[in-house]
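S.K.: Just start_22.cif, nothing more (mmCIF, C-alpha atoms):
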data_entry
loop_
_atom_site.group_PDB
_atom_site.id
_atom_site.type_symbol
_atom_site.label_atom_id
_atom_site.label_comp_id
_atom_site.auth_asym_id
_atom_site.auth_seq_id
_atom_site.Cartn_x
_atom_site.Cartn_y
_atom_site.Cartn_z
ATOM 1 C CA MET A 4 -3.856 32.152 -15.997
ATOM 2 C CA ILE A 5 -2.704 28.619 -15.178
ATOM 3 C CA ARG A 6 0.537 29.416 -16.994
ATOM 4 C CA ASP A 7 1.410 32.202 -14.543
ATOM 5 C CA VAL A 8 0.512 30.121 -11.495
ATOM 6 C CA VAL A 9 2.648 27.186 -12.620
ATOM 7 C CA ALA A 10 5.545 29.353 -13.751
ATOM 8 C CA GLU A 11 5.563 31.169 -10.426
ATOM 9 C CA ALA A 12 5.452 27.909 -8.475
ATOM 10 C CA HIS A 13 8.136 26.390 -10.653
ATOM 11 C CA ALA A 14 10.454 29.299 -9.919
ATOM 12 C CA PHE A 15 10.355 28.327 -6.235
ATOM 13 C CA PHE A 16 9.969 24.559 -6.343
ATOM 14 C CA ALA A 17 11.364 21.944 -8.706
ATOM 15 C CA ASN A 18 8.462 19.534 -8.507
ATOM 16 C CA VAL A 19 5.153 21.095 -9.451
ATOM 17 C CA VAL A 20 2.265 18.727 -10.053
ATOM 18 C CA VAL A 21 -0.938 19.829 -11.738
ATOM 19 C CA VAL A 22 -3.981 17.590 -11.827
ATOM 20 C CA ASP A 23 -6.114 18.110 -14.891
ATOM 21 C CA ASP A 24 -9.589 17.044 -13.871
ATOM 22 C CA GLY A 25 -10.931 16.395 -17.325
ATOM 23 C CA SER A 26 -10.493 19.870 -18.775
ATOM 24 C CA ALA A 27 -11.731 20.244 -22.309
ATOM 25 C CA ASP A 28 -9.515 23.252 -23.007
ATOM 26 C CA GLU A 29 -5.765 23.608 -23.327
ATOM 27 C CA SER A 30 -5.119 24.009 -19.573
ATOM 28 C CA ALA A 31 -3.244 20.718 -19.207
ATOM 29 C CA ASN A 32 -0.872 21.411 -22.090
ATOM 30 C CA ILE A 33 -0.290 24.975 -20.928
ATOM 31 C CA ALA A 34 0.550 23.757 -17.431
ATOM 32 C CA GLU A 35 2.902 21.158 -18.836
ATOM 33 C CA ALA A 36 4.622 23.715 -21.049
ATOM 34 C CA ALA A 37 5.057 25.956 -17.996
ATOM 35 C CA GLY A 38 7.019 23.204 -16.271
ATOM 36 C CA ALA A 39 4.467 21.182 -14.309
ATOM 37 C CA ARG A 40 4.088 17.439 -14.195
ATOM 38 C CA VAL A 41 0.502 17.010 -15.341
ATOM 39 C CA LEU A 42 -1.724 14.172 -14.172
ATOM 40 C CA ARG A 43 -4.812 13.708 -16.275
ATOM 41 C CA HIS A 44 -8.084 12.359 -14.987
ATOM 42 C CA PRO A 45 -9.754 10.661 -17.951
ATOM 43 C CA PHE A 46 -12.948 12.556 -17.051
ATOM 44 C CA ASN A 47 -14.082 15.175 -14.569
ATOM 45 C CA ILE A 48 -14.346 13.794 -11.037
ATOM 46 C CA GLY A 49 -13.985 16.755 -8.694
ATOM 47 C CA GLN A 50 -11.539 18.902 -6.797
ATOM 48 C CA GLY A 51 -11.255 16.547 -3.826
ATOM 49 C CA ALA A 52 -10.464 13.622 -6.087
ATOM 50 C CA ALA A 53 -7.875 15.712 -7.933
ATOM 51 C CA LEU A 54 -6.190 16.635 -4.658
ATOM 52 C CA GLN A 55 -5.902 12.987 -3.649
ATOM 53 C CA THR A 56 -4.554 12.040 -7.090
ATOM 54 C CA GLY A 57 -1.861 14.692 -6.800
ATOM 55 C CA MET A 58 -0.937 13.519 -3.311
ATOM 56 C CA ASP A 59 -0.777 9.888 -4.432
ATOM 57 C CA PHE A 60 1.571 10.817 -7.254
ATOM 58 C CA ALA A 61 3.767 12.933 -4.992
ATOM 59 C CA LEU A 62 4.072 10.068 -2.515
ATOM 60 C CA ALA A 63 4.726 7.534 -5.273
ATOM 61 C CA SER A 64 7.491 9.823 -6.549
ATOM 62 C CA GLY A 65 9.147 9.853 -3.144
ATOM 63 C CA ALA A 66 8.206 13.337 -1.982
ATOM 64 C CA GLU A 67 9.385 14.342 1.484
ATOM 65 C CA TYR A 68 6.828 17.134 1.822
ATOM 66 C CA VAL A 69 3.586 17.691 -0.049
ATOM 67 C CA ALA A 70 2.078 21.121 -0.579
ATOM 68 C CA THR A 71 -1.419 21.713 -1.902
ATOM 69 C CA PHE A 72 -2.053 24.891 -3.834
ATOM 70 C CA ASP A 73 -5.120 26.067 -5.726
ATOM 71 C CA ALA A 74 -4.355 26.817 -9.345
ATOM 72 C CA ASP A 75 -6.745 29.735 -9.672
ATOM 73 C CA GLY A 76 -4.223 32.382 -8.702
ATOM 74 C CA GLN A 77 -5.574 33.112 -5.226
ATOM 75 C CA HIS A 78 -2.445 31.904 -3.401
ATOM 76 C CA CYS A 79 1.054 33.339 -3.239
ATOM 77 C CA ILE A 80 3.812 30.818 -3.743
ATOM 78 C CA GLU A 81 5.954 32.530 -1.088
ATOM 79 C CA ASP A 82 3.387 31.355 1.442
ATOM 80 C CA VAL A 83 4.294 27.731 0.728
ATOM 81 C CA THR A 84 7.785 28.560 1.948
ATOM 82 C CA VAL A 85 6.294 30.196 5.041
ATOM 83 C CA LEU A 86 4.232 27.099 5.759
ATOM 84 C CA LEU A 87 7.145 24.757 5.105
ATOM 85 C CA ASP A 88 9.449 26.710 7.426
ATOM 86 C CA GLY A 89 6.741 26.773 10.071
ATOM 87 C CA LEU A 90 6.153 23.051 9.701
ATOM 88 C CA ARG A 91 9.832 22.248 10.120
ATOM 89 C CA ALA A 92 10.337 24.636 13.008
ATOM 90 C CA ALA A 93 7.337 23.323 14.911
ATOM 91 C CA GLN A 94 7.991 19.718 13.843
ATOM 92 C CA ALA A 95 4.321 19.542 12.974
ATOM 93 C CA ASP A 96 2.652 17.075 10.623
ATOM 94 C CA ILE A 97 0.679 19.597 8.632
ATOM 95 C CA ALA A 98 0.728 23.379 8.216
ATOM 96 C CA LEU A 99 -2.472 25.107 7.169
ATOM 97 C CA GLY A 100 -2.743 28.537 5.644
ATOM 98 C CA SER A 101 -5.043 31.091 7.227
ATOM 99 C CA ARG A 102 -6.159 34.257 5.527
ATOM 100 C CA PHE A 103 -7.405 35.656 8.832
ATOM 101 C CA LEU A 104 -4.011 35.498 10.487
ATOM 102 C CA GLY A 105 -2.558 37.184 7.441
ATOM 103 C CA THR A 106 -3.718 39.651 4.898
ATOM 104 C CA ALA A 107 -6.805 38.892 2.891
ATOM 105 C CA GLU A 108 -6.855 41.387 0.106
ATOM 106 C CA SER A 109 -10.337 42.841 -0.379
ATOM 107 C CA ILE A 110 -12.285 39.999 1.190
ATOM 108 C CA PRO A 111 -16.018 40.534 0.718
ATOM 109 C CA SER A 112 -17.853 40.781 4.048
ATOM 110 C CA SER A 113 -20.407 38.113 3.124
ATOM 111 C CA ARG A 114 -17.569 35.673 2.529
ATOM 112 C CA ARG A 115 -15.913 36.673 5.775
ATOM 113 C CA LEU A 116 -19.100 35.817 7.660
ATOM 114 C CA LEU A 117 -19.497 32.537 5.806
ATOM 115 C CA LEU A 118 -15.951 31.489 6.686
ATOM 116 C CA ARG A 119 -16.495 32.395 10.343
ATOM 117 C CA VAL A 120 -19.514 30.118 10.455
ATOM 118 C CA ALA A 121 -17.475 27.383 8.779
ATOM 119 C CA CYS A 122 -14.795 27.707 11.501
ATOM 120 C CA TRP A 123 -17.397 27.406 14.198
ATOM 121 C CA PHE A 124 -18.882 24.355 12.484
ATOM 122 C CA THR A 125 -15.443 22.754 12.230
ATOM 123 C CA ARG A 126 -14.730 23.286 15.915
ATOM 124 C CA LEU A 127 -18.040 21.634 16.698
ATOM 125 C CA THR A 128 -17.502 18.605 14.457
ATOM 126 C CA THR A 129 -13.755 17.993 14.699
ATOM 127 C CA GLY A 130 -12.574 19.885 17.752
ATOM 128 C CA LEU A 131 -9.904 21.627 15.660
ATOM 129 C CA ASP A 132 -9.291 25.212 16.660
ATOM 130 C CA LEU A 133 -8.696 26.998 13.374
ATOM 131 C CA THR A 134 -9.192 30.496 12.069
ATOM 132 C CA ASP A 135 -9.692 29.468 8.440
ATOM 133 C CA VAL A 136 -11.071 26.142 7.331
ATOM 134 C CA HIS A 137 -11.468 26.507 3.607
ATOM 135 C CA ASN A 138 -8.016 27.409 2.523
ATOM 136 C CA GLY A 139 -6.433 25.431 -0.291
ATOM 137 C CA ILE A 140 -2.838 26.103 0.682
ATOM 138 C CA ARG A 141 -1.274 23.500 2.958
ATOM 139 C CA VAL A 142 2.072 21.817 3.507
ATOM 140 C CA MET A 143 2.345 18.370 5.057
ATOM 141 C CA THR A 144 4.977 15.756 5.684
ATOM 142 C CA SER A 145 4.871 12.644 3.526
ATOM 143 C CA GLU A 146 3.892 10.714 6.645
ATOM 144 C CA ALA A 147 0.863 12.972 7.155
ATOM 145 C CA ALA A 148 -0.016 12.736 3.455
ATOM 146 C CA ARG A 149 -0.003 8.958 3.739
ATOM 147 C CA ARG A 150 -2.430 9.101 6.652
ATOM 148 C CA ILE A 151 -4.835 11.339 4.736
ATOM 149 C CA SER A 152 -7.136 9.785 2.208
ATOM 150 C CA ILE A 153 -9.711 12.047 0.622
ATOM 151 C CA THR A 154 -12.847 10.273 -0.522
ATOM 152 C CA HIS A 155 -15.146 13.274 -0.884
ATOM 153 C CA ASN A 156 -14.706 13.862 -4.569
ATOM 154 C CA ARG A 157 -16.310 17.223 -4.832
ATOM 155 C CA MET A 158 -16.509 20.254 -2.612
ATOM 156 C CA SER A 159 -16.585 18.913 0.928
ATOM 157 C CA HIS A 160 -13.028 17.534 0.731
ATOM 158 C CA ALA A 161 -11.559 20.448 2.732
ATOM 159 C CA SER A 162 -13.770 19.532 5.669
ATOM 160 C CA GLU A 163 -12.939 15.860 5.226
ATOM 161 C CA LEU A 164 -9.241 16.645 5.354
ATOM 162 C CA LEU A 165 -9.727 18.478 8.646
ATOM 163 C CA GLU A 166 -11.731 15.566 10.011
ATOM 164 C CA GLN A 167 -8.837 13.270 9.173
ATOM 165 C CA ILE A 168 -6.335 15.589 10.830
ATOM 166 C CA ALA A 169 -8.442 15.259 13.964
ATOM 167 C CA ALA A 170 -9.014 11.508 13.606
ATOM 168 C CA ASN A 171 -5.312 10.786 13.014
ATOM 169 C CA LYS A 172 -4.327 13.219 15.768
ATOM 170 C CA LEU A 173 -1.917 14.981 13.429
ATOM 171 C CA ASN A 174 -0.035 17.942 14.844
ATOM 172 C CA TYR A 175 -1.231 20.966 12.945
ATOM 173 C CA ILE A 176 -0.181 24.576 12.849
ATOM 174 C CA GLU A 177 -1.718 27.587 11.174
ATOM 175 C CA ARG A 178 0.327 30.286 9.515
ATOM 176 C CA PRO A 179 -0.786 33.543 7.943
ATOM 177 C CA VAL A 180 -1.129 33.514 4.183
ATOM 178 C CA THR A 181 -2.385 35.988 1.666
ATOM 179 C CA ILE A 182 -5.422 35.313 -0.445
ATOM 180 C CA ARG A 183 -5.843 37.424 -3.520
ATOM 181 C CA TYR A 184 -9.477 38.085 -4.241
ATOM 182 C CA THR A 185 -9.471 38.719 -7.925
ATOM 183 C CA ALA A 186 -12.469 38.466 -10.199
ATOM 184 C CA TYR A 187 -11.128 35.135 -11.416
ATOM 185 C CA SER A 188 -10.558 33.588 -7.994
ATOM 186 C CA LEU A 189 -13.809 35.006 -6.622
ATOM 187 C CA ALA A 190 -15.767 33.349 -9.361
ATOM 188 C CA LYS A 191 -14.152 30.057 -8.410
ATOM 189 C CA GLY A 192 -14.290 30.465 -4.627
ATOM 190 C CA GLN A 193 -16.813 29.395 -2.042
ATOM 191 C CA THR A 194 -20.232 30.950 -2.177
ATOM 192 C CA MET A 195 -23.241 30.621 0.062
ATOM 193 C CA TRP A 196 -24.725 28.054 -2.281
ATOM 194 C CA ASN A 197 -21.521 26.026 -2.202
ATOM 195 C CA SER A 198 -21.619 25.907 1.577
ATOM 196 C CA ILE A 199 -25.065 24.336 1.391
ATOM 197 C CA VAL A 200 -23.739 21.816 -1.116
ATOM 198 C CA ILE A 201 -20.800 21.102 1.203
ATOM 199 C CA LEU A 202 -23.051 20.580 4.200
ATOM 200 C CA SER A 203 -25.293 18.174 2.325
ATOM 201 C CA GLU A 204 -22.273 16.268 1.010
ATOM 202 C CA LEU A 205 -20.915 15.948 4.541
ATOM 203 C CA LEU A 206 -24.276 14.680 5.706
ATOM 204 C CA ILE A 207 -24.525 12.109 2.945
ATOM 205 C CA TYR A 208 -20.973 10.862 3.474
ATOM 206 C CA GLY A 209 -21.614 10.775 7.212
ATOM 207 C CA LEU A 210 -24.619 8.526 6.703
ATOM 208 C CA GLN A 211 -22.616 6.283 4.449
ATOM 209 C CA ARG A 212 -19.761 5.831 6.879
ATOM 210 C CA LYS A 213 -22.048 4.509 9.574
ATOM 211 C CA ARG A 214 -23.202 1.709 7.304
ATOM 212 C CA MET B 29 -57.660 -12.189 -11.894
ATOM 213 C CA ILE B 30 -55.911 -9.240 -10.249
ATOM 214 C CA GLN B 31 -54.790 -11.547 -7.454
ATOM 215 C CA ILE B 32 -53.018 -13.839 -9.913
ATOM 216 C CA ILE B 33 -51.263 -10.934 -11.644
ATOM 217 C CA LEU B 34 -50.127 -9.480 -8.335
ATOM 218 C CA THR B 35 -48.969 -12.846 -7.065
ATOM 219 C CA LEU B 36 -47.028 -13.504 -10.238
ATOM 220 C CA GLY B 37 -45.356 -10.094 -9.993
ATOM 221 C CA LEU B 38 -44.458 -10.503 -6.335
ATOM 222 C CA VAL B 39 -43.080 -13.995 -6.871
ATOM 223 C CA LEU B 40 -40.951 -12.858 -9.810
ATOM 224 C CA ILE B 41 -39.511 -9.995 -7.743
ATOM 225 C CA PHE B 42 -38.887 -12.374 -4.864
ATOM 226 C CA VAL B 43 -37.021 -14.838 -7.095
ATOM 227 C CA TYR B 44 -34.950 -12.050 -8.577
ATOM 228 C CA ALA B 45 -34.099 -10.758 -5.102
ATOM 229 C CA LEU B 46 -33.022 -14.244 -4.036
ATOM 230 C CA LEU B 47 -30.755 -14.568 -7.068
ATOM 231 C CA GLN B 48 -29.157 -11.209 -6.260
ATOM 232 C CA ARG B 49 -28.748 -11.828 -2.535
ATOM 233 C CA ASP B 50 -24.964 -12.066 -2.666
ATOM 234 C CA ARG B 51 -24.704 -8.654 -4.270
ATOM 235 C CA ILE B 52 -27.195 -6.512 -2.396
ATOM 236 C CA ARG B 53 -28.075 -8.303 0.811
ATOM 237 C CA LEU B 54 -29.985 -5.443 2.427
ATOM 238 C CA LEU B 55 -32.165 -4.952 -0.636
ATOM 239 C CA THR B 56 -32.946 -8.668 -0.780
ATOM 240 C CA THR B 57 -33.959 -8.669 2.856
ATOM 241 C CA ILE B 58 -36.262 -5.712 2.385
ATOM 242 C CA ILE B 59 -37.870 -7.246 -0.682
ATOM 243 C CA ALA B 60 -38.257 -10.637 1.002
ATOM 244 C CA VAL B 61 -39.927 -9.232 4.100
ATOM 245 C CA SER B 62 -42.267 -7.065 2.044
ATOM 246 C CA VAL B 63 -43.242 -9.700 -0.529
ATOM 247 C CA LEU B 64 -44.509 -12.212 2.034
ATOM 248 C CA PRO B 65 -46.969 -9.862 3.781
ATOM 249 C CA GLY B 66 -47.789 -8.563 0.316
ATOM 250 C CA LEU B 67 -48.965 -12.016 -0.726
ATOM 251 C CA VAL B 68 -51.055 -12.325 2.406
ATOM 252 C CA PHE B 69 -52.706 -8.980 1.694
ATOM 253 C CA VAL B 70 -53.346 -9.956 -1.941
ATOM 254 C CA TRP B 71 -55.174 -13.138 -1.025
ATOM 255 C CA PHE B 72 -56.776 -11.947 2.197
ATOM 256 C CA PRO B 73 -57.687 -8.283 1.620
ATOM 257 C CA ASP B 74 -59.680 -8.250 4.840
ATOM 258 C CA ALA B 75 -56.530 -9.059 6.746
ATOM 259 C CA SER B 76 -54.934 -5.813 5.576
ATOM 260 C CA THR B 77 -57.974 -3.838 6.717
ATOM 261 C CA ARG B 78 -58.004 -5.546 10.091
ATOM 262 C CA PHE B 79 -54.279 -4.954 10.470
ATOM 263 C CA ALA B 80 -54.688 -1.345 9.336
ATOM 264 C CA ASN B 81 -57.397 -0.723 11.896
ATOM 265 C CA ALA B 82 -55.250 -2.264 14.586
ATOM 266 C CA ILE B 83 -52.486 0.283 14.028
ATOM 267 C CA GLY B 84 -54.768 3.262 13.511
ATOM 268 C CA VAL B 85 -55.183 3.417 9.714
ATOM 269 C CA GLY B 86 -58.681 3.449 8.259
ATOM 270 C CA ARG B 87 -58.390 1.295 5.156
ATOM 271 C CA GLY B 88 -56.098 -1.572 4.203
ATOM 272 C CA ALA B 89 -55.376 0.128 0.875
ATOM 273 C CA ASP B 90 -54.147 3.224 2.702
ATOM 274 C CA LEU B 91 -51.865 1.140 4.877
ATOM 275 C CA ILE B 92 -50.369 -0.532 1.816
ATOM 276 C CA PHE B 93 -49.839 2.876 0.250
ATOM 277 C CA TYR B 94 -48.018 4.173 3.328
ATOM 278 C CA LEU B 95 -45.857 1.081 3.517
ATOM 279 C CA TRP B 96 -45.085 1.411 -0.156
ATOM 280 C CA ILE B 97 -43.804 4.961 0.376
ATOM 281 C CA LEU B 98 -41.623 3.736 3.231
ATOM 282 C CA VAL B 99 -40.193 0.836 1.264
ATOM 283 C CA SER B 100 -39.458 2.880 -1.844
ATOM 284 C CA ALA B 101 -37.740 5.547 0.253
ATOM 285 C CA ALA B 102 -35.564 2.865 1.850
ATOM 286 C CA VAL B 103 -34.756 1.423 -1.568
ATOM 287 C CA MET B 104 -33.776 4.874 -2.815
ATOM 288 C CA VAL B 105 -31.361 5.334 0.060
ATOM 289 C CA ILE B 106 -29.820 1.927 -0.563
ATOM 290 C CA MET B 107 -29.454 2.654 -4.259
ATOM 291 C CA HIS B 108 -27.834 5.966 -3.457
ATOM 292 C CA VAL B 109 -25.279 4.349 -1.173
ATOM 293 C CA GLN B 110 -24.555 1.754 -3.846
ATOM 294 C CA LEU B 111 -24.107 4.492 -6.419
ATOM 295 C CA LYS B 112 -21.680 6.311 -4.139
ATOM 296 C CA SER B 113 -19.584 3.213 -3.649
ATOM 297 C CA GLN B 114 -19.490 2.688 -7.416
ATOM 298 C CA GLU B 115 -18.396 6.286 -7.800
ATOM 299 C CA GLN B 116 -15.593 5.657 -5.323
ATOM 300 C CA LYS B 117 -14.369 2.688 -7.345
ATOM 301 C CA ILE B 118 -14.481 4.660 -10.590
ATOM 302 C CA THR B 119 -12.510 7.430 -8.901
ATOM 303 C CA GLN B 120 -9.832 5.012 -7.782
ATOM 304 C CA LEU B 121 -9.638 3.593 -11.265
ATOM 305 C CA ALA B 122 -9.310 7.040 -12.855
ATOM 306 C CA ARG B 123 -6.677 8.007 -10.280
ATOM 307 C CA GLU B 124 -4.709 4.850 -10.955
ATOM 308 C CA ILE B 125 -4.747 5.643 -14.677
ATOM 309 C CA ALA B 126 -3.663 9.241 -14.108
ATOM 310 C CA VAL B 127 -0.810 8.308 -11.758
ATOM 311 C CA ARG B 128 0.339 5.398 -13.889
ATOM 312 C CA ASP B 129 0.429 7.490 -17.060
ATOM 313 C CA ALA B 130 2.433 10.181 -15.317
ATOM 314 C CA MET B 131 4.871 7.628 -13.868
ATOM 315 C CA ALA B 132 5.328 6.053 -17.292
ATOM 316 C CA ASN B 133 6.040 9.468 -18.809
ATOM 317 C CA SER B 134 8.646 10.270 -16.185
ATOM 318 C CA SER B 135 10.547 7.027 -16.707
ATOM 319 C CA GLU B 136 10.888 7.601 -20.445
#
Starting from the file, give its structure as structure tokens.
M.R.:
Amino acid sequence: MIRDVVAEAHAFFANVVVVDDGSADESANIAEAAGARVLRHPFNIGQGAALQTGMDFALASGAEYVATFDADGQHCIEDVTVLLDGLRAAQADIALGSRFLGTAESIPSSRRLLLRVACWFTRLTTGLDLTDVHNGIRVMTSEAARRISITHNRMSHASELLEQIAANKLNYIERPVTIRYTAYSLAKGQTMWNSIVILSELLIYGLQRKR
Amino acid sequence: MIQIILTLGLVLIFVYALLQRDRIRLLTTIIAVSVLPGLVFVWFPDASTRFANAIGVGRGADLIFYLWILVSAAVMVIMHVQLKSQEQKITQLAREIAVRDAMANSSE
């Protein structure tokens, strides 16, 4: 699975970075063989931490733009090009993918509702007007990437990133992207239980910040 | 007898808290301000009952129990925050290792 995702990405972009967050299987080696630069966390830390590690490496390597892309096969690599073009055209700092502006293939209705609630919550907490707030596909300028620093190691990092867009007053745009709901990506995607975990993480981190 | 044991325990905790004050200031403060009234209540049990009555609790022992719940909850929160900050440091360390390894590989 990871092989196809990396190979597809590599066909479009020269620099593909995969963060191996302490996998016990062969994922890291497979990704490397498929043409990715693989960063290895010595142990499992979380998706948010992995995202920040990848961004740090991209910046340290002199990247001009940084794209984030979930490796579970739910995104289409062509959409990165769409976001990048949109970002350049609008001279924005960050372009976010939205499945609701585009085509979400066979999105379950319970998930649709959950994501709507998440949008409403985001508007309330950050003031950002978005149609999709838990989408892993994004393109940002190196300047924007430098301003973003994800500290929520686990699931609530997507919300944290949006908070930082708001706090840093980054210019953001949304562009339609396709999400493929396959059995594999569904199993890895957000569920009702995850949203409760995310909310409690946000609450805990919120308490901490005020210290 | 029980008063001596309790006093000894409280004093030991107090000394430990003082020694650790540079590391966890908030925890030290909480321990310090709870040990001193604790000692008073150990040696003057009637005082705790009088104080309890004054704030609407029947028995001194009940008051101590309620305060104990409050203090341990506060300590748990502090410990949790400490744990989170440790986690953040470990994350940075792991990230540094991951990025450094990858940079070293690319320069080969």
S.K.: Using all atoms listed in the file, determine which residues lie at most 12 Å from Ala61 of chain A, disregarding the query and same-chain residues fewer than 3 positions distant; provide the list as a VMD selection string.
M.R.: (chain A and resid 18 to 22 40 to 42 54 to 58 64 to 71 143 to 146 148 to 149) or (chain B and resid 127 130 to 131)
S.K.: Let me know the residues the PyMOL selection byres ((chain B and resi 62-71) around 10) catches in the file above, as an NGL selection string.
M.R.: :B and (30-39 or 41-42 or 56-61 or 72-77 or 79 or 88-89 or 92 or 95-96 or 99)
S.K.: What separation in Å, quoted to one decimal, exists between atom CA of Gln94 of chain A and atom CA of Leu133 of chain A?
M.R.: 18.2 Å
S.K.: If the PyMOL selection byres ((chain A) within 8 of (chain B)) is run on the structure shown, which residues does it catch, given as an NGL selection string?
M.R.: :A and (40-46 or 48 or 52 or 56 or 59-60 or 154 or 211)
S.K.: Enumerate, as a count of residues only, the residues matched when the PyMOL selection byres ((chain A and resi 122) around 7) is run on the file above.
M.R.: 12
S.K.: Hey, what's within 10 Å of Arg102 of chain A if we count only C-alpha atoms and toss same-chain stuff fewer than 5 positions away? As a PyMOL selection string, please?
M.R.: chain A and resi 78+107-108+110+134-138+177-183
S.K.: Just write the chosen residues, C-alpha atoms, as a PDB file, keeping the file's coordinate frame.
M.R.:
ATOM      1  CA  HIS A  78      -2.445  31.904  -3.401  1.00  0.00           C
ATOM      2  CA  ALA A 107      -6.805  38.892   2.891  1.00  0.00           C
ATOM      3  CA  GLU A 108      -6.855  41.387   0.106  1.00  0.00           C
ATOM      4  CA  ILE A 110     -12.285  39.999   1.190  1.00  0.00           C
ATOM      5  CA  THR A 134      -9.192  30.496  12.069  1.00  0.00           C
ATOM      6  CA  ASP A 135      -9.692  29.468   8.440  1.00  0.00           C
ATOM      7  CA  VAL A 136     -11.071  26.142   7.331  1.00  0.00           C
ATOM      8  CA  HIS A 137     -11.468  26.507   3.607  1.00  0.00           C
ATOM      9  CA  ASN A 138      -8.016  27.409   2.523  1.00  0.00           C
ATOM     10  CA  GLU A 177      -1.718  27.587  11.174  1.00  0.00           C
ATOM     11  CA  ARG A 178       0.327  30.286   9.515  1.00  0.00           C
ATOM     12  CA  PRO A 179      -0.786  33.543   7.943  1.00  0.00           C
ATOM     13  CA  VAL A 180      -1.129  33.514   4.183  1.00  0.00           C
ATOM     14  CA  THR A 181      -2.385  35.988   1.666  1.00  0.00           C
ATOM     15  CA  ILE A 182      -5.422  35.313  -0.445  1.00  0.00           C
ATOM     16  CA  ARG A 183      -5.843  37.424  -3.520  1.00  0.00           C
TER      17      ARG A 183
END
S.K.: Quick one: pull the distance between atom CA of Asn174 of chain A and atom CA of Asp88 of chain A, Å, one decimal.
M.R.: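 Computing the Euclidean distance for atom CA of Asn174 of chain A and atom CA of Asp88 of chain A yields 14.9 Å.
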S.K.: Hey, could you pull the box centre and edge lengths for segment 31-45 of chain B, axis-aligned, 6 Å padding per side, all listed atoms, to one decimal in Å, as lines of an AutoDock Vina configuration file?
M.R.:
center_x = -44.4
center_y = -12.2
center_z = -8.3
size_x = 32.7
size_y = 17.4
size_z = 18.8
S.K.: Between atom CA of Tyr175 of chain A and atom CA of Leu131 of chain A, what is the spacing in Å?
M.R.: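 Atom CA of Leu131 of chain A sits 9.1 Å away from atom CA of Tyr175 of chain A.
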S.K.: Give me segment 60-72 of chain B with N, CA and C atoms filled in, as a CSV table (one decimal), keeping the file's coordinate frame.
M.R.:
chain,number,residue,atom,x,y,z
B,60,ALA,N,-37.7,-9.4,0.5
B,60,ALA,CA,-38.3,-10.6,1.0
B,60,ALA,C,-39.3,-10.4,2.1
B,61,VAL,N,-39.0,-9.5,3.0
B,61,VAL,CA,-39.9,-9.2,4.1
B,61,VAL,C,-41.1,-8.4,3.7
B,62,SER,N,-41.1,-7.8,2.5
B,62,SER,CA,-42.3,-7.1,2.0
B,62,SER,C,-43.1,-7.9,1.1
B,63,VAL,N,-42.5,-8.9,0.4
B,63,VAL,CA,-43.2,-9.7,-0.5
B,63,VAL,C,-44.2,-10.6,0.2
B,64,LEU,N,-43.7,-11.2,1.3
B,64,LEU,CA,-44.5,-12.2,2.0
B,64,LEU,C,-45.8,-11.6,2.6
B,65,PRO,N,-45.7,-10.5,3.3
B,65,PRO,CA,-47.0,-9.9,3.8
B,65,PRO,C,-47.8,-9.4,2.6
B,66,GLY,N,-47.1,-9.0,1.5
B,66,GLY,CA,-47.8,-8.6,0.3
B,66,GLY,C,-48.7,-9.7,-0.2
B,67,LEU,N,-48.2,-10.9,-0.2
B,67,LEU,CA,-49.0,-12.0,-0.7
B,67,LEU,C,-50.2,-12.3,0.2
B,68,VAL,N,-49.9,-12.1,1.5
B,68,VAL,CA,-51.1,-12.3,2.4
B,68,VAL,C,-52.2,-11.3,2.1
B,69,PHE,N,-51.7,-10.0,1.9
B,69,PHE,CA,-52.7,-9.0,1.7
B,69,PHE,C,-53.4,-9.2,0.4
B,70,VAL,N,-52.7,-9.7,-0.6
B,70,VAL,CA,-53.3,-10.0,-1.9
B,70,VAL,C,-54.5,-11.0,-1.8
B,71,TRP,N,-54.2,-12.0,-1.1
B,71,TRP,CA,-55.2,-13.1,-1.0
B,71,TRP,C,-56.2,-12.9,0.1
B,72,PHE,N,-55.8,-12.2,1.1
B,72,PHE,CA,-56.8,-11.9,2.2
B,72,PHE,C,-56.9,-10.4,2.4
